[in-house]
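Visitor: Handing you this structure, nothing more for now.
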Amino acid sequence: MATGLAGLNQADFFSGWWLDNRGGLSSGMLLRNNRCILAVPAGWQKRVPMKALIKRIPFVGTLQQLYWKAMKPARPRAPFPGSAEYWESRYAAGGNSGSGSYAQFAQFKAEVLNDFVAKQRIRSVIEFGCGDGNQLSLAKYPQYLGFDVSSTAVARCRELFASDPTKSFELVSNYSGQKADLVMSLDVIYHLVEDSVYEGYMRALFAASNGHVVIYASDTDNNKGYEGTHVRHRKFTAWVAQHFPTWQLAQHIPNRHPNRGDDEKGSFADFYFYKAA
Ligand SMILES: C[S@@+](CC[C@H](N)C(=O)[O-])C[C@H]1O[C@@H](n2cnc3c(N)ncnc32)[C@H](O)[C@@H]1O
């Protein structure tokens, strides 16, 4: 004969109990293997919170806890702070440029870009959105000027390449009309969440070039699942065709590691090489 609720197991079974209209336990019996192990007299007025009672029943209690957890309204996600703020806080907190700037993706990007720079005899490169410098450490460019919206990223790059006189870095707000043979945008366009930032960035990209622009990005307007995040895909080829019709899309190189659902294993960015007419 059990004397309390602590010894309950899966064979235990409640019978004849009901809750009064304030959630209090009114009366009934607790059966184990059809034998009464605890009787509560009618009129017993001690209030037992239903949640606490059920929680103590092995197995049933666990299921109930999972159910209540699932039914609890999700805490509303903090609103996206804006692309510039997002990147600065990410780098300031010790974060990096993301998987697209490392490992197999960095290798693929460097191979394509170094080959283009060598074949086209590019003498100077400007990059808008240089990031943490990891991608750049694989680059073979004669002269390079990198801009970024994050002061932490710029400081990191300056430190990383302090002994390399061919590379310099600036905050993008300090851009003052410099030009280069090749202007690059690598893994940046689908992070330009705000329309005005996107438009300003695209115009600067083409205005800064003496003849070549390379974009490594997704090219779609489908943003299903990315709402409210730091990703906003853009059908940028249509934007370029409309706003810079004299620039020709000279080459499209699909990604060697296309995205098949896992962002760490595959990228949704391809290479798009533009040439001034
Ligand atoms: C995913 S990282 C890519 C870094 C680098 N291009 C690479 O391929 O490794 C995107 C970078 O774009 C920068 N960025 C975001 N918005 C920008 C803007 N409006 N102008 C310049 N850089 C920006 C971010 O701070 C970040 O460093």
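Identifiers for the structure tokens are assigned positionally: chains receive A, B, ... in sequence, residues are indexed from 1 per chain, and ligands are indexed from 1 in the order shown.
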All residues within 9 Å of ligand 1 are required, counting only C-alpha atoms and all ligand atoms; please report them as JSON, numbers by chain.

Guide: {"A": [83, 84, 85, 86, 87, 88, 90, 91, 96, 97, 98, 99, 100, 101, 102, 106, 109, 127, 128, 129, 130, 131, 132, 133, 134, 135, 136, 147, 148, 149, 150, 151, 152, 153, 154, 171, 172, 173, 184, 185, 186, 187, 188, 189, 190, 191, 192, 193, 197, 198, 200, 201, 216]}

Visitor: Could the residues in this selection be saved with N, CA and C atoms as a short mmCIF file (atom, residue, chain, number, x, y, z; two decimals), in the first residue's frame?

Guide:
```
data_model
loop_
_atom_site.label_atom_id
_atom_site.label_comp_id
_atom_site.auth_asym_id
_atom_site.auth_seq_id
_atom_site.Cartn_x
_atom_site.Cartn_y
_atom_site.Cartn_z
N SER A 83 21.75 45.88 -41.88
CA SER A 83 22.92 45.12 -42.35
C SER A 83 24.24 45.63 -41.76
N ALA A 84 24.42 46.93 -41.70
CA ALA A 84 25.69 47.48 -41.19
C ALA A 84 25.88 47.10 -39.72
N GLU A 85 24.84 47.28 -38.95
CA GLU A 85 24.93 46.98 -37.52
C GLU A 85 25.13 45.48 -37.29
N TYR A 86 24.42 44.69 -38.12
CA TYR A 86 24.55 43.24 -38.00
C TYR A 86 26.02 42.81 -38.11
N TRP A 87 26.69 43.32 -39.19
CA TRP A 87 28.07 42.87 -39.43
C TRP A 87 29.03 43.40 -38.39
N GLU A 88 28.85 44.66 -38.00
CA GLU A 88 29.76 45.20 -36.99
C GLU A 88 29.62 44.40 -35.68
N ARG A 90 28.60 41.38 -35.30
CA ARG A 90 29.09 40.01 -35.51
C ARG A 90 30.63 39.96 -35.38
N TYR A 91 31.32 40.90 -36.05
CA TYR A 91 32.79 40.90 -35.96
C TYR A 91 33.25 41.31 -34.57
N ASN A 96 33.21 35.71 -37.67
CA ASN A 96 33.99 35.86 -38.91
C ASN A 96 33.06 36.12 -40.10
N SER A 97 33.62 36.05 -41.31
CA SER A 97 32.86 36.39 -42.51
C SER A 97 31.88 35.29 -42.93
N GLY A 98 31.98 34.14 -42.31
CA GLY A 98 31.04 33.07 -42.64
C GLY A 98 31.71 31.95 -43.43
N SER A 99 30.98 30.85 -43.59
CA SER A 99 31.56 29.65 -44.21
C SER A 99 31.99 29.90 -45.65
N GLY A 100 31.34 30.84 -46.33
CA GLY A 100 31.68 31.15 -47.73
C GLY A 100 33.08 31.69 -47.91
N SER A 101 33.71 32.11 -46.82
CA SER A 101 35.06 32.69 -46.91
C SER A 101 36.12 31.71 -46.42
N TYR A 102 35.72 30.48 -46.21
CA TYR A 102 36.65 29.48 -45.65
C TYR A 102 36.61 28.17 -46.46
N ALA A 106 36.45 29.15 -50.13
CA ALA A 106 37.55 30.10 -50.30
C ALA A 106 38.49 29.62 -51.41
N LYS A 109 36.80 30.17 -54.85
CA LYS A 109 36.77 31.59 -55.19
C LYS A 109 38.17 32.06 -55.60
N GLU A 127 37.75 45.88 -53.68
CA GLU A 127 36.68 44.99 -53.22
C GLU A 127 35.78 45.76 -52.26
N PHE A 128 34.47 45.68 -52.51
CA PHE A 128 33.50 46.29 -51.59
C PHE A 128 32.92 45.17 -50.71
N GLY A 129 33.34 45.17 -49.45
CA GLY A 129 32.93 44.12 -48.52
C GLY A 129 34.05 43.11 -48.39
N CYS A 130 35.22 43.57 -47.92
CA CYS A 130 36.42 42.71 -47.90
C CYS A 130 36.34 41.63 -46.82
N GLY A 131 35.55 41.86 -45.77
CA GLY A 131 35.39 40.84 -44.73
C GLY A 131 36.58 40.76 -43.80
N ASP A 132 36.78 39.53 -43.25
CA ASP A 132 37.81 39.36 -42.21
C ASP A 132 39.20 39.09 -42.77
N GLY A 133 39.33 38.99 -44.10
CA GLY A 133 40.65 38.82 -44.72
C GLY A 133 41.03 37.37 -44.99
N ASN A 134 40.22 36.42 -44.54
CA ASN A 134 40.60 35.02 -44.77
C ASN A 134 40.58 34.67 -46.26
N GLN A 135 39.52 35.08 -46.95
CA GLN A 135 39.45 34.85 -48.39
C GLN A 135 40.62 35.53 -49.10
N LEU A 136 40.91 36.73 -48.67
CA LEU A 136 41.96 37.54 -49.30
C LEU A 136 43.35 36.93 -49.12
N PHE A 147 37.29 47.66 -49.02
CA PHE A 147 36.39 48.49 -48.21
C PHE A 147 35.42 47.57 -47.47
N ASP A 148 35.06 47.99 -46.27
CA ASP A 148 34.02 47.25 -45.55
C ASP A 148 33.21 48.20 -44.70
N VAL A 149 31.98 47.77 -44.41
CA VAL A 149 31.06 48.58 -43.61
C VAL A 149 31.39 48.44 -42.12
N SER A 150 32.16 47.41 -41.77
CA SER A 150 32.49 47.15 -40.36
C SER A 150 33.90 47.64 -40.02
N SER A 151 34.00 48.52 -39.02
CA SER A 151 35.32 49.04 -38.62
C SER A 151 36.16 47.92 -37.99
N THR A 152 35.51 46.96 -37.34
CA THR A 152 36.25 45.85 -36.73
C THR A 152 36.88 44.99 -37.83
N ALA A 153 36.14 44.75 -38.92
CA ALA A 153 36.68 43.95 -40.04
C ALA A 153 37.86 44.69 -40.67
N VAL A 154 37.73 45.99 -40.85
CA VAL A 154 38.81 46.78 -41.45
C VAL A 154 40.05 46.71 -40.56
N LEU A 171 37.21 52.02 -44.34
CA LEU A 171 35.77 51.94 -44.08
C LEU A 171 35.06 52.40 -45.35
N VAL A 172 33.97 51.75 -45.71
CA VAL A 172 33.30 52.11 -46.96
C VAL A 172 32.75 53.55 -46.93
N SER A 173 32.47 54.05 -45.74
CA SER A 173 31.99 55.44 -45.65
C SER A 173 33.10 56.43 -46.01
N MET A 184 35.31 44.09 -57.19
CA MET A 184 34.75 42.81 -56.74
C MET A 184 33.66 42.97 -55.69
N SER A 185 32.68 42.09 -55.78
CA SER A 185 31.67 41.94 -54.72
C SER A 185 31.52 40.44 -54.48
N LEU A 186 32.05 39.97 -53.38
CA LEU A 186 32.05 38.52 -53.11
C LEU A 186 31.22 38.20 -51.87
N ASP A 187 30.16 37.47 -52.07
CA ASP A 187 29.29 37.07 -50.94
C ASP A 187 28.76 38.27 -50.17
N VAL A 188 28.42 39.34 -50.85
CA VAL A 188 27.93 40.55 -50.16
C VAL A 188 26.49 40.88 -50.57
N ILE A 189 26.19 40.79 -51.87
CA ILE A 189 24.91 41.33 -52.37
C ILE A 189 23.69 40.74 -51.65
N TYR A 190 23.73 39.44 -51.37
CA TYR A 190 22.55 38.84 -50.69
C TYR A 190 22.51 39.13 -49.19
N HIS A 191 23.46 40.00 -48.75
CA HIS A 191 23.40 40.47 -47.35
C HIS A 191 22.93 41.92 -47.29
N LEU A 192 22.65 42.52 -48.44
CA LEU A 192 22.22 43.92 -48.44
C LEU A 192 20.70 43.94 -48.31
N VAL A 193 20.25 43.91 -47.10
CA VAL A 193 18.83 43.71 -46.80
C VAL A 193 18.00 44.94 -47.19
N VAL A 197 20.42 50.61 -49.37
CA VAL A 197 21.81 50.17 -49.23
C VAL A 197 22.21 49.38 -50.48
N TYR A 198 21.31 48.51 -50.92
CA TYR A 198 21.57 47.70 -52.11
C TYR A 198 21.81 48.59 -53.35
N GLY A 200 22.67 51.80 -53.51
CA GLY A 200 23.89 52.60 -53.37
C GLY A 200 25.13 51.74 -53.60
N TYR A 201 25.09 50.53 -53.08
CA TYR A 201 26.23 49.60 -53.20
C TYR A 201 26.44 49.23 -54.68
N TYR A 216 30.04 37.69 -57.03
CA TYR A 216 29.86 36.29 -56.60
C TYR A 216 28.69 36.33 -55.62
#
```

Visitor: To test your reading of the structure, identify every residue in stretch 22-269 of chain A that backbone DSSP assigns to strand (DSSP E), and report it as number ranges by chain.

Guide: A: 28-32, 35-40, 125-128, 144-148, 167-171, 180-186, 209-217, 247-253

Visitor: For the residues in that selection, give me C-alpha atoms as a PDB file, in the first residue's frame.

Guide:
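Resulting contents of again-v4.pdb:
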```
ATOM      1  CA  GLY A  28     -11.358   9.927  -5.772  1.00  0.00           C
ATOM      2  CA  MET A  29      -9.003   6.899  -5.708  1.00  0.00           C
ATOM      3  CA  LEU A  30      -5.627   6.019  -7.099  1.00  0.00           C
ATOM      4  CA  LEU A  31      -5.509   2.428  -8.422  1.00  0.00           C
ATOM      5  CA  ARG A  32      -2.473   0.234  -9.035  1.00  0.00           C
ATOM      6  CA  ARG A  35      -6.147  -2.185  -6.408  1.00  0.00           C
ATOM      7  CA  CYS A  36      -6.754   1.005  -4.501  1.00  0.00           C
ATOM      8  CA  ILE A  37      -3.480   2.397  -3.194  1.00  0.00           C
ATOM      9  CA  LEU A  38      -4.650   5.856  -2.242  1.00  0.00           C
ATOM     10  CA  ALA A  39      -8.123   7.067  -1.423  1.00  0.00           C
ATOM     11  CA  VAL A  40      -9.076  10.687  -1.104  1.00  0.00           C
ATOM     12  CA  VAL A 125      41.537  45.526 -57.599  1.00  0.00           C
ATOM     13  CA  ILE A 126      38.936  47.162 -55.365  1.00  0.00           C
ATOM     14  CA  GLU A 127      36.678  44.987 -53.225  1.00  0.00           C
ATOM     15  CA  PHE A 128      33.502  46.291 -51.588  1.00  0.00           C
ATOM     16  CA  TYR A 144      44.330  45.721 -53.722  1.00  0.00           C
ATOM     17  CA  LEU A 145      42.084  48.173 -51.869  1.00  0.00           C
ATOM     18  CA  GLY A 146      39.408  46.679 -49.644  1.00  0.00           C
ATOM     19  CA  PHE A 147      36.386  48.491 -48.208  1.00  0.00           C
ATOM     20  CA  ASP A 148      34.025  47.246 -45.552  1.00  0.00           C
ATOM     21  CA  LYS A 167      47.005  45.725 -49.703  1.00  0.00           C
ATOM     22  CA  SER A 168      45.149  48.527 -47.929  1.00  0.00           C
ATOM     23  CA  PHE A 169      41.779  48.808 -46.224  1.00  0.00           C
ATOM     24  CA  GLU A 170      39.200  51.510 -45.534  1.00  0.00           C
ATOM     25  CA  LEU A 171      35.765  51.937 -44.081  1.00  0.00           C
ATOM     26  CA  ALA A 180      40.449  49.974 -60.294  1.00  0.00           C
ATOM     27  CA  ASP A 181      40.687  47.633 -63.296  1.00  0.00           C
ATOM     28  CA  LEU A 182      38.580  45.037 -61.472  1.00  0.00           C
ATOM     29  CA  VAL A 183      35.947  45.739 -58.842  1.00  0.00           C
ATOM     30  CA  MET A 184      34.745  42.810 -56.735  1.00  0.00           C
ATOM     31  CA  SER A 185      31.674  41.942 -54.724  1.00  0.00           C
ATOM     32  CA  LEU A 186      32.050  38.524 -53.110  1.00  0.00           C
ATOM     33  CA  SER A 209      35.507  50.139 -62.269  1.00  0.00           C
ATOM     34  CA  ASN A 210      37.760  50.890 -65.239  1.00  0.00           C
ATOM     35  CA  GLY A 211      36.434  47.892 -67.172  1.00  0.00           C
ATOM     36  CA  HIS A 212      35.627  44.751 -65.142  1.00  0.00           C
ATOM     37  CA  VAL A 213      33.206  43.934 -62.319  1.00  0.00           C
ATOM     38  CA  VAL A 214      32.936  40.496 -60.750  1.00  0.00           C
ATOM     39  CA  ILE A 215      30.000  39.525 -58.588  1.00  0.00           C
ATOM     40  CA  TYR A 216      29.861  36.292 -56.602  1.00  0.00           C
ATOM     41  CA  ALA A 217      26.294  36.023 -55.293  1.00  0.00           C
ATOM     42  CA  TRP A 247      27.808  46.546 -69.219  1.00  0.00           C
ATOM     43  CA  GLN A 248      27.792  43.040 -70.690  1.00  0.00           C
ATOM     44  CA  LEU A 249      27.564  39.838 -68.701  1.00  0.00           C
ATOM     45  CA  ALA A 250      30.672  38.267 -70.244  1.00  0.00           C
ATOM     46  CA  GLN A 251      30.850  35.053 -68.220  1.00  0.00           C
ATOM     47  CA  HIS A 252      28.836  33.049 -65.709  1.00  0.00           C
ATOM     48  CA  ILE A 253      30.664  30.371 -63.707  1.00  0.00           C
TER      49      ILE A 253
END
```

Visitor: Go through A:Cys157, A:Ala269, A:Ile122, A:Ala277 and flag the residue nearest A:Lys235, using only C-alpha atoms for the distances.

Guide: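 Closest candidate: A:Ala269.
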
Visitor: So that I can see what lies close to A:Val117, please list as an NGL selection string the residues with an atom at most 9 Å from it, counting only C-alpha atoms and leaving out residues fewer than 4 positions away in the same chain.

Guide: :A and (112-113 or 121-123 or 125 or 140-142 or 182)

Visitor: Running DSSP on the backbone, which parts of stretch 120-221 of chain A land in helix (DSSP H, G or I), as number ranges by chain?

Guide: A: 136-138, 151-160, 172-174, 189-191, 195-207

Visitor: Take the residues from that selection and put them in a file with N, CA and C atoms, as a CSV table (one decimal), in the first residue's frame.

Guide:
```csv
chain,number,residue,atom,x,y,z
A,136,LEU,N,40.9,36.7,-48.7
A,136,LEU,CA,42.0,37.5,-49.3
A,136,LEU,C,43.4,36.9,-49.1
A,137,SER,N,43.5,36.1,-48.1
A,137,SER,CA,44.9,35.6,-47.8
A,137,SER,C,45.2,34.6,-49.0
A,138,LEU,N,44.3,34.1,-49.8
A,138,LEU,CA,44.6,33.2,-50.9
A,138,LEU,C,44.7,34.0,-52.2
A,151,SER,N,34.0,48.5,-39.0
A,151,SER,CA,35.3,49.0,-38.6
A,151,SER,C,36.2,47.9,-38.0
A,152,THR,N,35.5,47.0,-37.3
A,152,THR,CA,36.2,45.8,-36.7
A,152,THR,C,36.9,45.0,-37.8
A,153,ALA,N,36.1,44.7,-38.9
A,153,ALA,CA,36.7,44.0,-40.0
A,153,ALA,C,37.9,44.7,-40.7
A,154,VAL,N,37.7,46.0,-40.8
A,154,VAL,CA,38.8,46.8,-41.4
A,154,VAL,C,40.1,46.7,-40.6
A,155,ALA,N,39.9,46.9,-39.2
A,155,ALA,CA,41.0,46.8,-38.3
A,155,ALA,C,41.7,45.4,-38.4
A,156,ARG,N,40.8,44.4,-38.4
A,156,ARG,CA,41.4,43.0,-38.5
A,156,ARG,C,42.3,42.8,-39.7
A,157,CYS,N,41.7,43.3,-40.9
A,157,CYS,CA,42.5,43.2,-42.1
A,157,CYS,C,43.8,44.0,-42.1
A,158,ARG,N,43.7,45.2,-41.6
A,158,ARG,CA,44.9,46.0,-41.5
A,158,ARG,C,46.0,45.3,-40.7
A,159,GLU,N,45.6,44.6,-39.6
A,159,GLU,CA,46.5,43.9,-38.8
A,159,GLU,C,47.1,42.7,-39.5
A,160,LEU,N,46.2,41.9,-40.1
A,160,LEU,CA,46.5,40.7,-40.8
A,160,LEU,C,47.5,40.9,-41.9
A,172,VAL,N,34.0,51.8,-45.7
A,172,VAL,CA,33.3,52.1,-47.0
A,172,VAL,C,32.8,53.5,-46.9
A,173,SER,N,32.5,54.1,-45.7
A,173,SER,CA,32.0,55.4,-45.7
A,173,SER,C,33.1,56.4,-46.0
A,174,ASN,N,34.4,55.9,-46.1
A,174,ASN,CA,35.5,56.8,-46.5
A,174,ASN,C,35.8,56.7,-47.9
A,189,ILE,N,26.2,40.8,-51.9
A,189,ILE,CA,24.9,41.3,-52.4
A,189,ILE,C,23.7,40.7,-51.6
A,190,TYR,N,23.7,39.4,-51.4
A,190,TYR,CA,22.5,38.8,-50.7
A,190,TYR,C,22.5,39.1,-49.2
A,191,HIS,N,23.5,40.0,-48.7
A,191,HIS,CA,23.4,40.5,-47.4
A,191,HIS,C,22.9,41.9,-47.3
A,195,ASP,N,16.8,48.2,-49.3
A,195,ASP,CA,16.8,48.5,-50.7
A,195,ASP,C,17.7,49.7,-51.0
A,196,SER,N,17.7,50.7,-50.1
A,196,SER,CA,18.6,51.9,-50.4
A,196,SER,C,20.1,51.5,-50.3
A,197,VAL,N,20.4,50.6,-49.4
A,197,VAL,CA,21.8,50.2,-49.2
A,197,VAL,C,22.2,49.4,-50.5
A,198,TYR,N,21.3,48.5,-50.9
A,198,TYR,CA,21.6,47.7,-52.1
A,198,TYR,C,21.8,48.6,-53.3
A,199,GLU,N,20.9,49.5,-53.6
A,199,GLU,CA,21.0,50.4,-54.7
A,199,GLU,C,22.4,51.2,-54.7
A,200,GLY,N,22.7,51.8,-53.5
A,200,GLY,CA,23.9,52.6,-53.4
A,200,GLY,C,25.1,51.7,-53.6
A,201,TYR,N,25.1,50.5,-53.1
A,201,TYR,CA,26.2,49.6,-53.2
A,201,TYR,C,26.4,49.2,-54.7
A,202,MET,N,25.4,48.9,-55.4
A,202,MET,CA,25.5,48.5,-56.8
A,202,MET,C,26.0,49.6,-57.7
A,203,ARG,N,25.6,50.8,-57.4
A,203,ARG,CA,26.0,52.0,-58.2
A,203,ARG,C,27.5,52.2,-58.0
A,204,ALA,N,27.9,52.1,-56.7
A,204,ALA,CA,29.4,52.3,-56.4
A,204,ALA,C,30.2,51.3,-57.0
A,205,LEU,N,29.7,50.0,-57.1
A,205,LEU,CA,30.5,48.9,-57.6
A,205,LEU,C,30.8,49.2,-59.1
A,206,PHE,N,29.9,49.6,-59.9
A,206,PHE,CA,30.1,49.8,-61.3
A,206,PHE,C,30.8,51.1,-61.6
A,207,ALA,N,30.5,52.1,-60.7
A,207,ALA,CA,31.2,53.5,-60.9
A,207,ALA,C,32.7,53.4,-60.6
```

Visitor: Mind checking which residues fall within 12 Å of A:Gln104, counting only C-alpha atoms, ignoring those fewer than 6 positions away in the same chain, and posting them as a ChimeraX atom specification?

Guide: /A:110-111,135,138,255-258,264-267

Visitor: Here is a test: counting only C-alpha atoms, which residue of A:Ser124, A:Ser163, A:Gln143, A:Thr220 is nearest to A:His233?

Guide: A:Thr220

Visitor: Find the distance between atom CA of A:Trp239 and atom CA of A:Lys224 and write it in Å to one decimal.

Guide: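 Atom CA of A:Lys224 lies at a distance of 20.1 Å from atom CA of A:Trp239.
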
Visitor: Between atom CA of A:Asp262 and atom CA of A:Gly228, measure the distance and give it in Å to one decimal.

Guide: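 So the two atoms, atom CA of A:Asp262 and atom CA of A:Gly228, lie 19.5 Å apart.
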